[in-house]
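See below for query21.cif, which holds mmCIF, C-alpha atoms.
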```cif
data_final
#
loop_
_atom_site.label_atom_id
_atom_site.label_comp_id
_atom_site.auth_asym_id
_atom_site.auth_seq_id
_atom_site.Cartn_x
_atom_site.Cartn_y
_atom_site.Cartn_z
CA LYS A 15 -42.69 30.48 43.10
CA SER A 16 -43.02 27.46 40.81
CA PRO A 17 -39.97 25.43 39.73
CA GLN A 18 -40.80 26.26 36.10
CA SER A 19 -40.76 30.01 36.85
CA ARG A 20 -37.45 29.71 38.71
CA ARG A 21 -35.90 27.88 35.75
CA GLN A 22 -37.13 30.50 33.32
CA LEU A 23 -35.83 33.38 35.42
CA THR A 24 -32.50 31.62 35.95
CA GLN A 25 -32.24 31.06 32.19
CA ALA A 26 -33.01 34.73 31.48
CA ILE A 27 -30.38 35.89 33.98
CA SER A 28 -27.82 33.47 32.50
CA GLU A 29 -28.50 34.85 29.02
CA VAL A 30 -27.94 38.41 30.23
CA LEU A 31 -24.66 37.42 31.91
CA GLU A 32 -23.46 35.53 28.81
CA THR A 33 -23.85 38.73 26.77
CA GLU A 34 -20.69 40.75 26.12
CA LEU A 35 -20.99 43.57 28.66
CA SER A 36 -18.77 46.55 29.35
CA PHE A 37 -17.45 46.90 32.89
CA ARG A 38 -20.05 49.57 33.64
CA GLU A 39 -22.88 47.45 32.23
CA ALA A 40 -21.70 44.42 34.22
CA GLU A 41 -21.69 46.52 37.40
CA LEU A 42 -25.23 47.75 36.70
CA VAL A 43 -26.41 44.19 36.07
CA SER A 44 -24.73 43.15 39.35
CA ASP A 45 -26.54 45.92 41.24
CA VAL A 46 -29.90 44.86 39.84
CA LEU A 47 -29.30 41.16 40.46
CA ILE A 48 -28.03 41.64 44.02
CA ALA A 49 -31.12 43.72 44.79
CA LEU A 50 -33.28 40.98 43.25
CA LEU A 51 -31.49 38.26 45.21
CA LYS A 52 -32.09 40.05 48.50
CA GLN A 53 -35.83 39.68 47.86
CA ALA A 54 -35.76 36.27 46.19
CA GLU A 55 -36.75 32.97 47.72
CA HIS A 56 -34.15 30.54 48.99
CA ASP A 57 -34.81 27.97 46.26
CA PHE A 58 -34.34 30.53 43.51
CA ARG A 59 -31.06 31.78 44.99
CA LYS A 60 -29.84 28.21 45.24
CA THR A 61 -30.79 27.44 41.63
CA LEU A 62 -29.13 30.62 40.43
CA ALA A 63 -25.96 29.87 42.40
CA GLU A 64 -25.73 26.46 40.75
CA ARG A 65 -26.08 28.05 37.33
CA LEU A 66 -23.60 30.87 38.02
CA SER A 67 -21.03 28.45 39.41
CA ILE A 68 -20.31 27.06 35.94
CA MET A 69 -20.27 30.38 34.07
CA ASP A 70 -17.04 32.28 33.40
CA GLY A 71 -18.15 35.84 32.64
CA VAL A 72 -20.12 36.50 35.81
CA PRO A 73 -19.20 39.76 37.59
CA LEU A 74 -17.01 39.08 40.61
CA ARG A 75 -19.20 41.16 42.91
CA LEU A 76 -22.20 38.96 42.11
CA VAL A 77 -20.22 35.76 42.68
CA LEU A 78 -18.89 37.11 45.98
CA HIS A 79 -22.43 37.95 47.04
CA MET A 80 -23.49 34.36 46.31
CA ALA A 81 -20.39 32.97 48.07
CA ASN A 82 -21.38 34.80 51.24
CA GLU A 83 -24.96 33.48 51.30
CA ASP A 84 -26.01 30.54 53.49
CA ILE A 85 -23.77 27.55 52.79
CA ASP A 86 -26.38 25.59 50.82
CA ILE A 87 -26.60 28.53 48.39
CA ALA A 88 -22.87 29.35 48.47
CA ARG A 89 -21.60 25.75 48.11
CA PRO A 90 -21.77 25.40 44.29
CA VAL A 91 -20.08 28.78 43.78
CA LEU A 92 -17.36 27.91 46.31
CA GLN A 93 -16.79 24.52 44.72
CA LYS A 94 -16.84 25.45 41.04
CA SER A 95 -16.75 29.14 40.16
CA SER A 96 -13.66 30.07 38.17
CA VAL A 97 -14.45 33.73 38.88
CA LEU A 98 -13.23 33.39 42.48
CA GLY A 99 -9.51 34.02 42.71
CA GLU A 100 -6.97 33.04 45.33
CA PHE A 101 -7.46 36.19 47.42
CA ASP A 102 -11.25 35.83 47.29
CA LEU A 103 -10.96 32.25 48.58
CA LEU A 104 -8.50 33.28 51.31
CA TYR A 105 -10.87 36.02 52.47
CA ILE A 106 -13.80 33.59 52.59
CA ILE A 107 -11.73 31.05 54.55
CA LYS A 108 -10.73 33.70 57.09
CA SER A 109 -14.23 35.15 57.45
CA LYS A 110 -16.49 32.10 57.26
CA SER A 111 -17.04 28.86 59.14
CA ALA A 112 -15.88 25.29 58.53
CA GLU A 113 -18.78 24.51 56.16
CA TYR A 114 -17.35 27.05 53.71
CA TRP A 115 -13.81 25.67 54.11
CA ARG A 116 -15.05 22.19 53.27
CA ALA A 117 -16.73 23.38 50.08
CA ILE A 118 -13.57 25.22 48.99
CA ALA A 119 -11.47 22.12 49.73
CA THR A 120 -13.30 20.20 46.99
CA ARG A 121 -12.39 22.66 44.18
CA GLU A 122 -10.57 21.16 41.20
CA SER A 123 -7.83 23.75 41.41
CA LEU A 124 -6.37 25.27 44.57
CA SER A 125 -3.16 27.19 45.02
CA GLU A 126 -0.60 25.98 47.53
CA GLN A 127 -1.33 29.02 49.70
CA VAL A 128 -5.06 28.27 49.84
CA VAL A 129 -4.35 24.62 50.71
CA ASP A 130 -1.93 25.76 53.45
CA VAL A 131 -4.52 28.11 54.98
CA LEU A 132 -7.18 25.38 54.87
CA ALA A 133 -4.78 22.94 56.54
CA ASP A 134 -4.03 25.49 59.26
CA CYS A 135 -7.75 25.50 60.15
CA ASN A 136 -7.19 22.04 61.72
CA ASP A 137 -10.69 20.96 60.80
CA PHE A 138 -11.07 17.20 60.36
CA GLU A 139 -13.72 17.37 57.62
CA THR A 140 -11.73 19.97 55.67
CA ALA A 141 -8.62 17.81 55.95
CA LEU A 142 -10.61 14.82 54.71
CA ALA A 143 -11.97 16.78 51.73
CA LEU A 144 -8.45 17.91 50.80
CA ALA A 145 -7.05 14.38 51.23
CA GLU A 146 -9.75 13.01 48.93
CA ASN A 147 -9.25 15.79 46.35
CA THR A 148 -6.99 14.10 43.79
CA ASN A 149 -6.84 17.21 41.59
CA ILE A 150 -4.50 19.03 43.98
CA THR A 151 -1.05 18.36 45.41
CA LEU A 152 -0.47 18.41 49.15
CA SER A 153 2.87 19.73 50.40
CA ASN A 154 4.91 17.90 53.04
CA ARG A 155 3.91 20.58 55.55
CA VAL A 156 0.21 19.92 54.88
CA LEU A 157 0.71 16.16 54.95
CA ASN A 158 2.41 16.44 58.36
CA ILE A 159 -0.52 18.49 59.70
CA PHE A 160 -2.97 15.93 58.37
CA ALA A 161 -0.94 13.02 59.74
CA GLU A 162 -1.31 14.57 63.19
CA ILE A 163 -5.05 15.05 62.70
CA ALA A 164 -5.34 11.45 61.41
CA GLN A 165 -4.12 9.90 64.66
CA GLY A 166 -6.89 7.51 65.60
CA ALA A 167 -8.95 8.49 62.54
CA GLU A 168 -8.68 5.84 59.88
CA THR A 169 -11.17 7.69 57.66
CA LEU A 170 -8.49 10.37 57.11
CA ALA A 171 -5.46 8.09 57.17
CA VAL A 172 -6.69 5.88 54.32
CA PRO A 173 -7.10 8.63 51.67
CA LEU A 174 -3.77 10.10 52.75
CA LEU A 175 -2.05 6.73 52.27
CA ARG A 176 -3.47 6.57 48.72
CA ARG A 177 -1.78 9.84 47.69
CA ASP A 178 1.39 9.66 45.60
CA GLU A 179 3.08 12.57 47.39
CA VAL A 180 3.04 10.87 50.83
CA SER A 181 6.61 10.20 51.93
CA GLU A 182 7.66 6.90 53.50
CA GLU A 183 8.07 8.67 56.83
CA ILE A 184 4.49 9.97 56.84
CA ALA A 185 3.19 6.64 55.52
CA SER A 186 4.92 4.86 58.42
CA MET A 187 3.37 7.28 60.89
CA LEU A 188 -0.10 6.78 59.37
CA TYR A 189 0.41 3.02 59.23
CA ARG A 190 0.37 2.96 63.04
CA TYR A 191 -3.14 4.42 63.12
CA VAL A 192 -4.93 2.14 60.70
CA SER A 193 -6.55 -1.23 61.29
CA ALA A 194 -4.94 -4.55 60.44
CA GLU A 195 -7.32 -4.86 57.51
CA VAL A 196 -6.04 -1.64 55.96
CA ARG A 197 -2.41 -2.57 56.69
CA SER A 198 -2.76 -5.81 54.75
#
```

What do you get writing this file as structure tokens?
Amino acid sequence: KSPQSRRQLTQAISEVLETELSFREAELVSDVLIALLKQAEHDFRKTLAERLSIMDGVPLRLVLHMANEDIDIARPVLQKSSVLGEFDLLYIIKSKSAEYWRAIATRESLSEQVVDVLADCNDFETALALAENTNITLSNRVLNIFAEIAQGAETLAVPLLRRDEVSEEIASMLYRYVSAEVRS
């Protein structure tokens, strides 16, 4: 229950996962860890999720288990884990709430299809996270969706206007919704 014990257990689990494992061994480790996580305290699960989010060789089943936890546990995995593929992200977007979409929207790398599905959610905070994510490219279709959402919402219009891929047409539309201070 102590922070020191959580760190030690997280370190031990990380060392096991960094070991070269066969597929069968990785599946057995996943079974054991998922069973452990079901009994573990919230703080430990959160600490472990943060650690797993930056590791490459983690079994997908374990990462998916963490991604489907409460959002404060799932967030680091959704934001950073390279183990999650496009289809995993699409499934999570379709099956989870806006908090999960927003975490996914901050990833350094997102496929055009994932960005399109996130844009189709029409969630303001998700749109804002995507607009502020300078590591991805937004298509004209997505920019048009966001321009509609940005009507009367300068907090979304401003990061959109800063993006290189915004056409003059969309910039003109957004220009109407921002304050005189931003226009100047």

Dump as a Markdown table the rows for residues of region 72-175 of chain A within 10 Å of region 25-47 of chain A: closest atom pair and distance in Å with one decimal, all atoms listed in the file counted, ordered by chain and rising residue number.
```
| residue | atom | partner | partner_atom | distance |
| --- | --- | --- | --- | --- |
| A:Val72 | CA | A:Leu31 | CA | 6.1 |
| A:Pro73 | CA | A:Ala40 | CA | 6.3 |
| A:Leu74 | CA | A:Ser44 | CA | 8.8 |
| A:Arg75 | CA | A:Ser44 | CA | 6.9 |
| A:Leu76 | CA | A:Ser44 | CA | 5.6 |
| A:Val77 | CA | A:Ser44 | CA | 9.3 |
| A:His79 | CA | A:Ser44 | CA | 9.6 |
```

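With CA of Gln127 (chain A) on one side and CA of Glu100 (chain A) on the other, the separation reads 8.2 Å.
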
Inset, instruction - Could you expand the PyMOL selection byres ((chain A and resi 115) around 12) into the explicit residues it covers here, written as a ChimeraX atom specification? - result: /A:81,85,88-89,92-93,103-114,116-121,128-144

Legend entry - For CA of Leu98 (chain A) and CA of Asp70 (chain A), the interatomic separation in Å (one decimal):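 Separating CA of Leu98 (chain A) from CA of Asp70 (chain A) is a distance of 9.9 Å.
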
Inset, instruction - Just give me the gap between CA of Lys52 (chain A) and CA of Lys94 (chain A) in Å, one decimal is fine. - result: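 One can read the CA of Lys52 (chain A) to CA of Lys94 (chain A) distance as 22.4 Å.
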
Inset, instruction - Name the residues captured by the PyMOL selection byres ((chain A and resi 178) around 12) when it is applied to the shown file; answer as a PyMOL selection string. - result: chain A and resi 145+148-154+157+173-177+179-182+184-185

The PyMOL selection byres ((chain A and resi 64) around 10) resolved against shown file, as a PDB file with C-alpha atoms, in the coordinates of the input:
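Output contents, as saved in result30.pdb:
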```pdb
ATOM      1  CA  THR A  24     -32.500  31.620  35.950  1.00  0.00           C
ATOM      2  CA  PHE A  58     -34.340  30.530  43.510  1.00  0.00           C
ATOM      3  CA  ARG A  59     -31.060  31.780  44.990  1.00  0.00           C
ATOM      4  CA  LYS A  60     -29.840  28.210  45.240  1.00  0.00           C
ATOM      5  CA  THR A  61     -30.790  27.440  41.630  1.00  0.00           C
ATOM      6  CA  LEU A  62     -29.130  30.620  40.430  1.00  0.00           C
ATOM      7  CA  ALA A  63     -25.960  29.870  42.400  1.00  0.00           C
ATOM      8  CA  ARG A  65     -26.080  28.050  37.330  1.00  0.00           C
ATOM      9  CA  LEU A  66     -23.600  30.870  38.020  1.00  0.00           C
ATOM     10  CA  SER A  67     -21.030  28.450  39.410  1.00  0.00           C
ATOM     11  CA  ILE A  68     -20.310  27.060  35.940  1.00  0.00           C
ATOM     12  CA  MET A  69     -20.270  30.380  34.070  1.00  0.00           C
ATOM     13  CA  MET A  80     -23.490  34.360  46.310  1.00  0.00           C
ATOM     14  CA  ILE A  87     -26.600  28.530  48.390  1.00  0.00           C
ATOM     15  CA  ALA A  88     -22.870  29.350  48.470  1.00  0.00           C
ATOM     16  CA  ARG A  89     -21.600  25.750  48.110  1.00  0.00           C
ATOM     17  CA  PRO A  90     -21.770  25.400  44.290  1.00  0.00           C
ATOM     18  CA  VAL A  91     -20.080  28.780  43.780  1.00  0.00           C
ATOM     19  CA  GLN A  93     -16.790  24.520  44.720  1.00  0.00           C
ATOM     20  CA  LYS A  94     -16.840  25.450  41.040  1.00  0.00           C
ATOM     21  CA  SER A  95     -16.750  29.140  40.160  1.00  0.00           C
TER      22      SER A  95
END
```

Mind giving me the axis-aligned box for region 63-69 of chain A with 6 Å on every side, centre plus edges in Å to one decimal, as JSON?
```
{"center_x": -23.2, "center_y": 28.7, "center_z": 38.2, "size_x": 17.8, "size_y": 16.4, "size_z": 20.3}
```

Inset, instruction - Using only C-alpha atoms, find the one residue out of A:Ala49, A:Val97, A:Asp102, A:Gln18 that sits nearest to Gly71 (chain A). - result: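 When distances to Gly71 (chain A) are compared using only C-alpha atoms, the smallest one comes from A:Val97.
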
Legend entry - 9 Å contact set for Leu188 (chain A), all atoms listed in the file, chain neighbours under 3 positions out, as number ranges by chain: A: 161-162, 164-165, 168, 171-172, 174-175, 183-185, 191-192

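Each of A:Thr169, A:Asn82, A:Asn158, A:Ser16 was compared to Ser186 (chain A) using all atoms listed in the file, and A:Asn158 turns out to be the nearest.
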
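The smallest atom-to-atom distance between Ser19 (chain A) and any of A:Ala167, A:Asp57, A:Asn147, A:Leu78, using only C-alpha atoms, is found for A:Asp57.
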
Inset, instruction - May I ask which of the residues A:Tyr189, A:Leu124, A:Gly166, A:Arg155 is the closest one to Phe101 (chain A), counting all atoms listed in the file? - result: A:Leu124
